[in-house]
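K.L.:
Mind looking over this structure? Questions follow.
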Amino acid sequence: MSIPIRLFHGEFGRVALLEMDAPLISHAHHHCHLLLKAAGPDTAFRVRGQSYPLTAENAVLVNAWEEHAYLHDIRGDGNTVILALYLEPAWLATFSKSFIHSHHPRFFLNSTIKLSEEQKLSIEKVVMELWWSENITTDRLQNLLLNLTLSFVDPREVINGSIFRQPMSNLSYMDPRIRRAMQMMRESVNAPENLSSIARAVNLSRSHFFELFRRCTGLSPLLYANVLKMEFAFTALASNDVSLIDIGDDLGFAAQSHFTRFFKQHQGVVPSLYRRQIEKINYSI
């Protein structure tokens, strides 16, 4: 089982320092996703069907709603420690209107980027703080994350086109039937198990529904449903008011063990351990 060294939730999204010991299944997030190697051997992620190495010299960049998977491609002894940033599009947009499309699945130009010496230093600062500081103040974490994030999303780099796509005018057309299906799935995260009924509700055959859904979103309906389940789980786990059994029930799992297996396949950590490690930050800009 992977080991969560540090987990933070806040307005910025989530930040996690994880020691990975097994691959993760294909999944997605509504966040912009930065993946950085903190320690250990080189490894790799698969993004849109292509493998990208994660090393001390490069970062892996994943767009919102972009399908990806951790491959655990270890080429040495020990496990890789990964610094993973899940950045809320709304948080990014507070810095500049250049980022209003950061929720779009084609926001990043490339799935990998060579790190500058300044970025390496910023990564090292964040990793060392997360690894060794028992008590991280809100202001300290805020400054560390801002400095690191802005090194990737600096508006000057957007203007120069060196990392991000210019504001997009040719956003993908969304079929109204798929938009309706997505709304139905968002309204009840335990309902998408019966995808055939959703297809019928929007007047599509199951096969046409699956084909059209992927064409519009880049994801299968099942993968999209799993994204919704995981986001619900992350929010619920951050609250100690909801038991693990109730979370599993709310998500439509017939047994607690099914929820535990599902969560571990996506995050590498069982939900009980994830909950114990969460540190919530009241993050204000």
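Letters for chains follow the order of the structure tokens (A, B, ...), residue numbers begin at 1 for each chain, and ligand numbers begin at 1 in the order shown.
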Give the strand (DSSP E) residues of range 58-276 of chain A, as DSSP finds them on the backbone, and put them as a PyMOL selection string.
P.N.:
chain A and resi 58-62+68-70+80-87+112-114
K.L.:
Pull the closest atom pair for each residue of range 68-141 of chain A that gets at most 10 Å from range 172-181 of chain A, along with the distance in Å to one decimal, counting only C-alpha atoms, ordering rows by chain and then ascending residue number, as CSV.
P.N.:
residue,atom,partner,partner_atom,distance
A:His104,CA,A:Ser172,CA,9.5
A:Pro105,CA,A:Ser172,CA,9.6
A:Arg106,CA,A:Ser172,CA,9.8
K.L.:
If we count only C-alpha atoms and set the cut-off at 9 Å, which residues sit around Leu144 in chain A, ignoring sequence neighbours fewer than 3 positions away in its own chain? Please answer as number ranges by chain.
P.N.:
A: 122-123, 125-126, 129, 139-141, 147-149
K.L.:
In terms of the shortest atom-to-atom distance over only C-alpha atoms, which of A:Ser116, A:Asn79, A:Pro89, A:Leu24 is closest to Ala39 in chain A?
P.N.:
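Selected residue with least distance to Ala39 in chain A: A:Asn79.
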K.L.:
Report the residues of range 66-278 of chain A whose backbone DSSP state falls under alpha helix (DSSP H), written as number ranges by chain.
P.N.:
A: 89-93, 117-132, 138-153, 155-160, 176-187, 195-201, 206-217, 221-237, 244-250, 256-267, 271-277
K.L.:
Leaving out His68 in chain A and any residue of its chain fewer than 6 positions from it, which residues lie within 12 Å of it when counting only C-alpha atoms, given as a list in words?
P.N.:
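Counting only the stated atoms, we get Pro23, Leu24, Ile25, Ser26, His27, Ala28, His29, His33, Leu35, Ala44, Phe45, Arg46, Val47, Arg48, Gly49, Gln50, Ser51, Tyr52, Val60, Leu61, Val62, Pro105, Ser111, Gly218, Leu219, Leu223, Val227 and His266 of chain A.
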K.L.:
Residues at most 6 Å from range 36-38 of chain A, counting only C-alpha atoms, excluding those fewer than 5 positions away in the same chain, as a PyMOL selection string?
P.N.:
chain A and resi 55-56+59+81-83
K.L.:
Do a neighbour search on Ala16 in chain A at 12 Å with only C-alpha atoms, toss out local chain neighbours closer than 3 positions, and write the hits as an MDAnalysis selection string.
P.N.:
chainID A and resid 2:10 13 19:20 33:38 81:87 126:127 130:131 145 267:269 274 277:280
K.L.:
Store the residues picked out above in a file with C-alpha atoms, as a compact mmCIF listing (two decimals), in the first residue's frame.
P.N.:
# COMPACT_ATOMS: atom_id res chain seq x y z
CA SER A 2 1.25 3.49 -0.85
CA ILE A 3 2.15 5.76 2.04
CA PRO A 4 0.68 9.28 2.35
CA ILE A 5 3.49 11.34 3.86
CA ARG A 6 1.50 14.59 3.89
CA LEU A 7 -1.94 15.58 2.60
CA PHE A 8 -3.41 19.09 2.54
CA HIS A 9 -6.84 20.28 1.42
CA GLY A 10 -7.61 23.96 0.84
CA GLY A 13 -7.30 22.21 -4.21
CA GLU A 19 5.38 7.24 -1.50
CA MET A 20 4.05 5.07 -4.30
CA HIS A 33 -2.64 18.41 -12.10
CA LEU A 34 1.13 18.88 -11.57
CA LEU A 35 3.20 15.76 -10.88
CA LEU A 36 6.74 16.16 -9.55
CA LYS A 37 9.33 13.67 -8.37
CA ALA A 38 10.39 14.33 -4.80
CA VAL A 81 7.99 9.77 -3.64
CA ILE A 82 5.73 12.03 -5.70
CA LEU A 83 4.62 15.58 -5.01
CA ALA A 84 1.17 15.90 -6.56
CA LEU A 85 -0.66 19.22 -6.88
CA TYR A 86 -4.37 19.23 -7.75
CA LEU A 87 -5.04 22.88 -8.56
CA VAL A 126 8.00 22.42 -0.72
CA VAL A 127 9.10 18.80 -0.33
CA LEU A 130 6.10 18.86 3.89
CA TRP A 131 8.46 16.06 4.88
CA LEU A 145 2.56 26.71 -3.05
CA GLN A 267 -5.43 6.96 -4.91
CA GLY A 268 -3.12 4.15 -3.81
CA VAL A 269 -4.21 4.64 -0.19
CA TYR A 274 -6.22 9.07 3.82
CA GLN A 277 -3.54 12.18 7.15
CA ILE A 278 -5.66 15.10 5.87
CA GLU A 279 -4.65 18.54 7.11
CA LYS A 280 -7.12 21.24 6.14
K.L.:
Just the residues within 7 Å of range 248-254 of chain A, please, counting only C-alpha atoms, with nothing from its chain fewer than 6 positions along; format it as a VMD selection string.
P.N.:
chain A and resid 189 to 190 229
K.L.:
Measuring atom to atom with only C-alpha atoms, identify which of A:Leu54, A:Thr260, A:Ala233, A:Trp65 is nearest to Ile247 in chain A.
P.N.:
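Under the stated criterion, the closest residue is A:Ala233.
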K.L.:
What does the distance between CA of Phe263 in chain A and CA of Phe234 in chain A come to in Å, to one decimal place?
P.N.:
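Those two atoms sit 9.7 Å apart.
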K.L.:
To one decimal place, how far is CA of His208 in chain A from CA of Pro221 in chain A in Å?
P.N.:
11.5 Å
